[in-house]
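For reference, structure-v1.tsv (TSV, C-alpha atoms and all ligand atoms):
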```
chain	number	residue	atom	x	y	z
A	1	MET	CA	-4.91	15.54	12.17
A	2	SER	CA	-5.04	11.85	12.60
A	3	HIS	CA	-1.60	10.43	12.20
A	4	ILE	CA	-1.78	7.62	14.73
A	5	VAL	CA	1.03	6.22	16.86
A	6	LEU	CA	0.60	3.35	19.31
A	7	ARG	CA	3.42	2.53	21.70
A	8	ASP	CA	3.56	-0.69	23.70
A	9	VAL	CA	-0.20	-0.94	24.11
A	10	ARG	CA	-1.49	-3.65	26.40
A	11	LYS	CA	-5.06	-4.66	27.07
A	12	THR	CA	-6.32	-7.58	29.11
A	13	TYR	CA	-9.82	-8.69	29.95
A	14	ARG	CA	-10.83	-10.54	33.07
A	15	MET	CA	-13.18	-13.50	32.58
A	16	GLY	CA	-13.95	-14.98	35.97
A	17	ASN	CA	-10.56	-16.01	37.32
A	18	ASN	CA	-8.84	-15.84	33.95
A	19	LEU	CA	-6.99	-12.93	32.41
A	20	ILE	CA	-7.21	-12.81	28.64
A	21	THR	CA	-4.53	-10.83	26.87
A	22	ALA	CA	-6.13	-9.14	23.85
A	23	LEU	CA	-3.21	-6.82	23.01
A	24	ASP	CA	0.27	-7.78	24.12
A	25	GLY	CA	2.57	-4.80	23.56
A	26	VAL	CA	1.39	-3.35	20.28
A	27	SER	CA	3.39	-0.59	18.61
A	28	LEU	CA	2.44	0.74	15.20
A	29	GLU	CA	1.83	3.82	13.11
A	30	ILE	CA	-1.06	4.68	10.84
A	31	GLU	CA	-0.50	7.43	8.29
A	32	ALA	CA	-3.04	10.23	8.05
A	33	GLY	CA	-5.16	10.02	4.91
A	34	GLN	CA	-4.28	6.41	4.14
A	35	LEU	CA	-6.54	3.39	4.04
A	36	THR	CA	-5.01	0.88	6.43
A	37	VAL	CA	-6.18	-2.71	6.81
A	38	VAL	CA	-5.63	-4.56	10.08
A	39	LEU	CA	-5.57	-8.23	9.11
A	40	GLY	CA	-5.61	-11.24	11.38
A	41	PRO	CA	-7.53	-14.34	12.40
A	42	SER	CA	-10.45	-14.31	14.78
A	43	GLY	CA	-9.36	-13.61	18.33
A	44	SER	CA	-6.11	-11.88	17.36
A	45	GLY	CA	-7.07	-8.55	18.92
A	46	LYS	CA	-8.33	-6.60	15.89
A	47	THR	CA	-11.59	-5.37	17.38
A	48	THR	CA	-9.85	-4.46	20.62
A	49	LEU	CA	-7.36	-2.40	18.62
A	50	LEU	CA	-10.15	-0.66	16.72
A	51	ASN	CA	-12.06	0.05	19.93
A	52	LEU	CA	-8.95	1.68	21.42
A	53	LEU	CA	-8.47	3.84	18.31
A	54	GLY	CA	-12.11	4.84	18.47
A	55	GLY	CA	-12.10	5.70	22.16
A	56	LEU	CA	-14.59	2.98	23.02
A	57	GLU	CA	-12.09	1.48	25.44
A	58	SER	CA	-8.83	2.46	27.12
A	59	PRO	CA	-5.64	0.38	27.28
A	60	ASP	CA	-4.15	-0.93	30.51
A	61	SER	CA	-0.83	0.66	29.55
A	62	GLY	CA	0.93	2.26	26.62
A	63	SER	CA	0.04	5.31	24.57
A	64	VAL	CA	-2.49	5.83	21.79
A	65	ARG	CA	-1.62	9.09	20.11
A	66	VAL	CA	-4.14	10.36	17.56
A	67	GLY	CA	-2.93	13.59	16.01
A	68	ASP	CA	-1.61	15.63	18.89
A	69	GLN	CA	-3.72	13.96	21.57
A	70	ASP	CA	-2.87	10.87	23.67
A	71	ILE	CA	-6.30	9.32	24.11
A	72	ALA	CA	-5.04	6.44	26.26
A	73	GLY	CA	-5.40	8.45	29.46
A	74	LEU	CA	-8.60	10.34	28.70
A	75	LYS	CA	-11.40	10.02	31.22
A	76	ASN	CA	-14.96	9.13	30.20
A	77	GLY	CA	-16.29	12.58	29.29
A	78	LYS	CA	-13.27	13.56	27.27
A	79	LEU	CA	-13.13	10.17	25.58
A	80	THR	CA	-16.79	10.53	24.59
A	81	ALA	CA	-16.11	13.98	23.15
A	82	TYR	CA	-13.11	12.63	21.23
A	83	ARG	CA	-15.22	9.83	19.81
A	84	ARG	CA	-18.15	12.04	18.94
A	85	HIS	CA	-16.17	14.67	17.10
A	86	ASN	CA	-13.40	12.67	15.50
A	87	VAL	CA	-14.50	9.14	14.76
A	88	GLY	CA	-17.00	7.55	12.36
A	89	PHE	CA	-17.75	3.86	12.86
A	90	VAL	CA	-18.90	1.22	10.36
A	91	PHE	CA	-19.91	-2.14	11.86
A	92	GLN	CA	-20.30	-5.62	10.41
A	93	PHE	CA	-24.07	-5.67	10.95
A	94	PHE	CA	-24.67	-2.02	9.94
A	95	ASN	CA	-26.32	-1.04	13.28
A	96	LEU	CA	-28.79	1.36	11.68
A	97	LEU	CA	-31.75	2.49	13.77
A	98	PRO	CA	-34.69	0.56	12.32
A	99	THR	CA	-37.36	3.19	13.04
A	100	LEU	CA	-35.50	5.97	11.23
A	101	THR	CA	-35.23	6.41	7.46
A	102	ALA	CA	-31.86	6.28	5.72
A	103	LEU	CA	-31.78	10.08	5.69
A	104	GLU	CA	-32.68	10.33	9.39
A	105	ASN	CA	-30.04	7.76	10.33
A	106	VAL	CA	-27.37	9.83	8.57
A	107	ALA	CA	-28.66	13.16	9.89
A	108	LEU	CA	-28.83	11.96	13.49
A	109	SER	CA	-25.18	11.02	13.57
A	110	ALA	CA	-24.14	14.41	12.24
A	111	GLU	CA	-26.36	16.20	14.74
A	112	MET	CA	-25.06	14.19	17.67
A	113	ALA	CA	-21.54	15.20	16.71
A	114	ASP	CA	-22.66	18.84	16.78
A	115	GLY	CA	-21.53	18.80	13.20
A	116	TYR	CA	-24.01	21.40	12.11
A	117	ALA	CA	-23.07	23.75	14.92
A	118	TYR	CA	-19.46	23.54	13.84
A	119	GLY	CA	-20.47	23.92	10.21
A	120	ARG	CA	-18.37	20.89	9.47
A	121	ALA	CA	-20.88	18.17	8.69
A	122	HIS	CA	-21.90	17.12	5.21
A	123	ASP	CA	-25.47	17.48	4.07
A	124	PRO	CA	-27.08	14.07	4.81
A	125	ALA	CA	-28.89	13.85	1.47
A	126	GLU	CA	-25.70	14.69	-0.38
A	127	MET	CA	-23.85	12.05	1.63
A	128	LEU	CA	-26.42	9.43	0.63
A	129	ALA	CA	-26.08	10.47	-3.00
A	130	ARG	CA	-22.33	10.01	-2.74
A	131	VAL	CA	-22.75	6.38	-1.67
A	132	GLY	CA	-25.17	5.83	-4.57
A	133	LEU	CA	-28.41	6.00	-2.56
A	134	GLY	CA	-29.81	9.36	-3.59
A	135	ASP	CA	-33.06	7.61	-4.52
A	136	ARG	CA	-33.38	5.72	-1.22
A	137	THR	CA	-33.39	8.55	1.32
A	138	ASP	CA	-36.91	7.81	2.65
A	139	HIS	CA	-36.46	4.04	2.89
A	140	TYR	CA	-36.27	2.40	6.29
A	141	PRO	CA	-33.38	-0.04	6.89
A	142	GLY	CA	-35.81	-2.98	6.60
A	143	GLN	CA	-36.65	-1.83	3.07
A	144	LEU	CA	-33.01	-1.87	1.96
A	145	SER	CA	-30.69	-4.73	0.97
A	146	GLY	CA	-27.67	-5.56	3.14
A	147	GLY	CA	-25.31	-3.77	0.79
A	148	GLN	CA	-27.54	-0.70	0.69
A	149	GLN	CA	-27.76	-0.68	4.49
A	150	GLN	CA	-24.00	-0.81	4.73
A	151	ARG	CA	-23.70	2.09	2.29
A	152	VAL	CA	-26.11	4.06	4.51
A	153	ALA	CA	-23.84	3.16	7.43
A	154	VAL	CA	-20.81	4.46	5.50
A	155	ALA	CA	-22.70	7.70	4.74
A	156	ARG	CA	-23.61	7.93	8.43
A	157	ALA	CA	-20.00	7.43	9.52
A	158	LEU	CA	-18.78	10.16	7.18
A	159	ALA	CA	-21.62	12.66	7.56
A	160	LYS	CA	-20.05	14.31	10.59
A	161	ASN	CA	-16.83	14.66	8.62
A	162	PRO	CA	-14.68	12.77	11.12
A	163	ALA	CA	-10.91	12.73	10.86
A	164	LEU	CA	-10.91	8.99	11.39
A	165	VAL	CA	-13.19	6.30	9.92
A	166	LEU	CA	-13.06	2.87	11.59
A	167	ALA	CA	-14.69	-0.18	10.04
A	168	ASP	CA	-14.95	-3.57	11.73
A	169	GLU	CA	-15.45	-6.35	9.13
A	170	PRO	CA	-17.52	-3.98	6.96
A	171	THR	CA	-18.08	-6.67	4.32
A	172	GLY	CA	-18.37	-9.57	6.77
A	173	SER	CA	-22.11	-10.04	6.36
A	174	LEU	CA	-22.30	-9.24	2.62
A	175	ASP	CA	-21.96	-11.38	-0.50
A	176	VAL	CA	-18.81	-10.87	-2.56
A	177	GLN	CA	-20.18	-8.44	-5.16
A	178	THR	CA	-22.00	-6.32	-2.59
A	179	GLY	CA	-18.89	-6.29	-0.45
A	180	ILE	CA	-16.84	-5.06	-3.41
A	181	ASP	CA	-19.37	-2.25	-3.95
A	182	VAL	CA	-19.06	-1.17	-0.31
A	183	LEU	CA	-15.25	-1.25	-0.49
A	184	LYS	CA	-15.33	0.80	-3.71
A	185	VAL	CA	-17.41	3.45	-1.97
A	186	MET	CA	-15.04	3.50	1.01
A	187	ARG	CA	-11.93	3.64	-1.14
A	188	ALA	CA	-13.39	6.49	-3.25
A	189	LEU	CA	-14.44	8.49	-0.19
A	190	ASN	CA	-11.01	7.96	1.39
A	191	ARG	CA	-9.35	9.42	-1.69
A	192	GLU	CA	-11.85	12.29	-2.03
A	193	THR	CA	-11.87	13.38	1.58
A	194	GLY	CA	-8.34	12.53	2.71
A	195	GLN	CA	-9.81	11.06	5.88
A	196	THR	CA	-7.89	8.27	7.58
A	197	PHE	CA	-9.60	4.89	7.17
A	198	VAL	CA	-8.81	1.79	9.24
A	199	LEU	CA	-10.52	-1.44	8.22
A	200	VAL	CA	-10.34	-4.57	10.33
A	201	THR	CA	-10.80	-7.95	8.65
A	202	HIS	CA	-9.85	-11.61	8.71
A	203	ASN	CA	-10.19	-11.70	4.90
A	204	SER	CA	-6.74	-11.50	3.33
A	205	ALA	CA	-8.22	-10.60	-0.10
A	206	ILE	CA	-9.27	-7.22	1.29
A	207	ALA	CA	-5.66	-6.44	2.23
A	208	GLY	CA	-4.96	-5.93	-1.49
A	209	ILE	CA	-6.85	-2.63	-1.55
A	210	ALA	CA	-4.96	-1.10	1.38
A	211	ASP	CA	-2.16	1.46	1.36
A	212	ARG	CA	-0.79	-0.28	4.45
A	213	VAL	CA	-1.47	-3.70	5.92
A	214	ILE	CA	-0.87	-4.37	9.59
A	215	ARG	CA	-0.96	-8.09	10.26
A	216	VAL	CA	-1.75	-9.10	13.84
A	217	GLY	CA	-1.71	-12.45	15.61
A	218	SER	CA	-2.17	-13.37	19.27
A	219	GLY	CA	-2.35	-9.73	20.29
A	220	LYS	CA	0.92	-8.76	18.64
A	221	VAL	CA	1.87	-7.01	15.42
A	222	GLN	CA	3.43	-9.60	13.14
A	223	ASN	CA	4.38	-7.38	10.24
A	224	ILE	CA	3.50	-4.14	8.49
A	225	ILE	CA	3.53	-3.89	4.70
A	226	ASN	CA	3.28	-0.65	2.74
A	227	ASN	CA	1.64	-0.89	-0.65
A	228	PRO	CA	2.28	2.14	-2.84
A	229	ASP	CA	0.13	0.73	-5.65
A	230	PRO	CA	-2.93	-0.96	-4.14
A	231	PHE	CA	-5.54	-2.80	-6.19
A	232	GLU	CA	-8.97	-1.36	-6.79
A	233	PRO	CA	-11.65	-3.46	-5.04
A	234	ASP	CA	-12.94	-4.90	-8.33
A	235	GLU	CA	-9.44	-5.91	-9.51
A	236	ILE	CA	-8.96	-8.44	-6.71
A	237	GLU	CA	-9.38	-12.21	-6.98
A	238	TRP	CA	-12.05	-12.89	-4.38
A	301	LIG	P1	-10.64	-10.19	16.89
A	301	LIG	O1	-11.35	-8.90	16.61
A	301	LIG	O2	-9.34	-10.31	16.18
A	301	LIG	O3	-11.52	-11.40	16.68
A	301	LIG	P2	-10.85	-9.39	19.66
A	301	LIG	O4	-10.13	-8.09	19.81
A	301	LIG	O5	-12.33	-9.34	19.57
A	301	LIG	O6	-10.23	-10.20	18.44
A	301	LIG	O7	-10.49	-10.33	20.89
A	301	LIG	C1	-9.15	-10.59	21.31
A	301	LIG	C2	-9.20	-11.52	22.52
A	301	LIG	O8	-9.77	-10.83	23.63
A	301	LIG	C3	-10.06	-12.75	22.30
A	301	LIG	O9	-9.46	-13.83	22.97
A	301	LIG	C4	-11.38	-12.38	22.95
A	301	LIG	O10	-12.07	-13.50	23.38
A	301	LIG	C5	-10.95	-11.48	24.07
A	301	LIG	N1	-11.95	-10.42	24.39
A	301	LIG	C6	-12.32	-9.42	23.56
A	301	LIG	N2	-13.22	-8.62	24.15
A	301	LIG	C7	-13.43	-9.14	25.38
A	301	LIG	C8	-14.26	-8.77	26.50
A	301	LIG	N3	-15.04	-7.68	26.45
A	301	LIG	N4	-14.22	-9.56	27.59
A	301	LIG	C9	-13.42	-10.65	27.64
A	301	LIG	N5	-12.61	-11.03	26.64
A	301	LIG	C10	-12.62	-10.31	25.53
```
Mind turning this structure into structure tokens?
Ligand code: ADP
Amino acid sequence: MSHIVLRDVRKTYRMGNNLITALDGVSLEIEAGQLTVVLGPSGSGKTTLLNLLGGLESPDSGSVRVGDQDIAGLKNGKLTAYRRHNVGFVFQFFNLLPTLTALENVALSAEMADGYAYGRAHDPAEMLARVGLGDRTDHYPGQLSGGQQQRVAVARALAKNPALVLADEPTGSLDVQTGIDVLKVMRALNRETGQTFVLVTHNSAIAGIADRVIRVGSGKVQNIINNPDPFEPDEIEW
């Protein structure tokens, strides 16, 4: 479903009198089922790219084809529906709801996607077990470590069984070992489910685990490298 093709995508932001070019004619492909890393320094346009893939924003021009749909031209309601049904997000700072338990955080996301109605969503408790938190379902985010919170966030992103999982610096606020654990969970789920994963990072070590690395700089694609034999997260020199 989610083979992704971007053609000549441009996105600028206006800041007062200045126009800031975030994406300057980006063309690329992301293979369905692969784990792709978008790598680049701060300010290179990575988050903008992820937000376009996730339907959080629309480009000024160009096409963003996800599966058989060009989401670049979708209006608000349709873009929201696209996002809700097709995309799971993982953020740097987890973004869990603090007044809900781990289980409720995961269940809410699935419900909001109408996952249960479609019979598509995973059981939230089972999802938490799959990220190694079967014994933490009733904990609130404040009672969990950073790494555990991020694993809840991964379970939440996948609970609605989205075709596309987007992660923005998912290990950016974790120590190295905890980050490796989160990447192991994501890599394993990617292989199990065949869902398309796109991870954005400035950390070149993480690129070693990817099937494909798209390097960006100054809003442009600099190169794309396919890696038929990626490292496991715990095999990398961090
Ligand atoms: P990265 O994720 O690689 O750090 P971003 O996509 O966040 O890069 O940003 C790319 C450029 O666009 C940066 O110069 C940034 O300051 C600018 N930018 C991003 N979002 C906005 C926004 N909402 N308003 C104004 N400028 C923005």
Could you produce a table of the residues of region 57-175 of chain A lying within 12 Å of region 202-217 of chain A, with the nearest pair of atoms per residue and their separation in Å rounded to one decimal, using all atoms listed in the file, ordered by chain and increasing residue number, as a tab-separated table?
```
residue	atom	partner	partner_atom	distance
A:Asp168	CA	A:His202	CA	10.0
A:Glu169	CA	A:His202	CA	7.7
A:Pro170	CA	A:Ile206	CA	10.5
A:Thr171	CA	A:Ile206	CA	9.3
A:Gly172	CA	A:Asn203	CA	8.7
```
Can I get the selected residues back with C-alpha atoms, as an mmCIF file, keeping the file's coordinate frame?
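Writing the result to result.cif gives the following:
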```cif
data_model
loop_
_atom_site.group_PDB
_atom_site.id
_atom_site.type_symbol
_atom_site.label_atom_id
_atom_site.label_comp_id
_atom_site.auth_asym_id
_atom_site.auth_seq_id
_atom_site.Cartn_x
_atom_site.Cartn_y
_atom_site.Cartn_z
ATOM 1 C CA ASP A 168 -14.950 -3.570 11.730
ATOM 2 C CA GLU A 169 -15.450 -6.350 9.130
ATOM 3 C CA PRO A 170 -17.520 -3.980 6.960
ATOM 4 C CA THR A 171 -18.080 -6.670 4.320
ATOM 5 C CA GLY A 172 -18.370 -9.570 6.770
#
```
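Using all atoms listed in the file, the protein and nucleic acid residues lying no more than 7 Å from Val106 (chain A), apart from those fewer than 4 places from it along its own chain, are Ala102, Ala110, Pro124, Ala155, Arg156 and Ala159 of chain A.
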* Check every protein, DNA and RNA residue against ligand LIG 301 (chain A), keep those with an atom at most 9 Å away (counting all atoms listed in the file), and present them as a ChimeraX atom specification. => /A:11-15,19-23,39-51,168-169,200-202,216-219
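Distances from A:Leu35, A:Val131, A:Ala167, A:Ile30 to Arg187 (chain A) were compared using all atoms listed in the file, and the smallest one belongs to A:Leu35.
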* Might you pull out every residue within 7 Å of Val182 (chain A), with all atoms listed in the file counted and same-chain residues fewer than 4 positions away left off, and present them as a PyMOL selection string? => chain A and resi 147+151+178+186
Would you save the residues from that selection as a compact mmCIF listing (two decimals), in the coordinates of the input, using C-alpha atoms?
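out-v8.txt written:
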```txt
# COMPACT_ATOMS: atom_id res chain seq x y z
CA GLY A 147 -25.31 -3.77 0.79
CA ARG A 151 -23.70 2.09 2.29
CA THR A 178 -22.00 -6.32 -2.59
CA MET A 186 -15.04 3.50 1.01
```
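Nearest residue to Ser173 (chain A) among A:Ser58, A:Ser145, A:Ser2, A:Asn17 is A:Ser145, counting only C-alpha atoms.
The gap separating CA of Leu53 (chain A) from CA of Leu28 (chain A) is 11.8 Å, in Å to one decimal.
Interatomic distance, CA of Lys220 (chain A) against CA of Gly54 (chain A): 18.8 Å.
Across the model, the gap from CA of Val221 (chain A) to CA of Val9 (chain A) is 10.8 Å.
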* Asked: Could you name the residues that touch Ile4 (chain A) at 10 Å or less, counting only C-alpha atoms, but leaving out those on the same chain fewer than 4 positions away, as number ranges by chain?
  -> A: 28-32, 53, 64-70, 164, 196
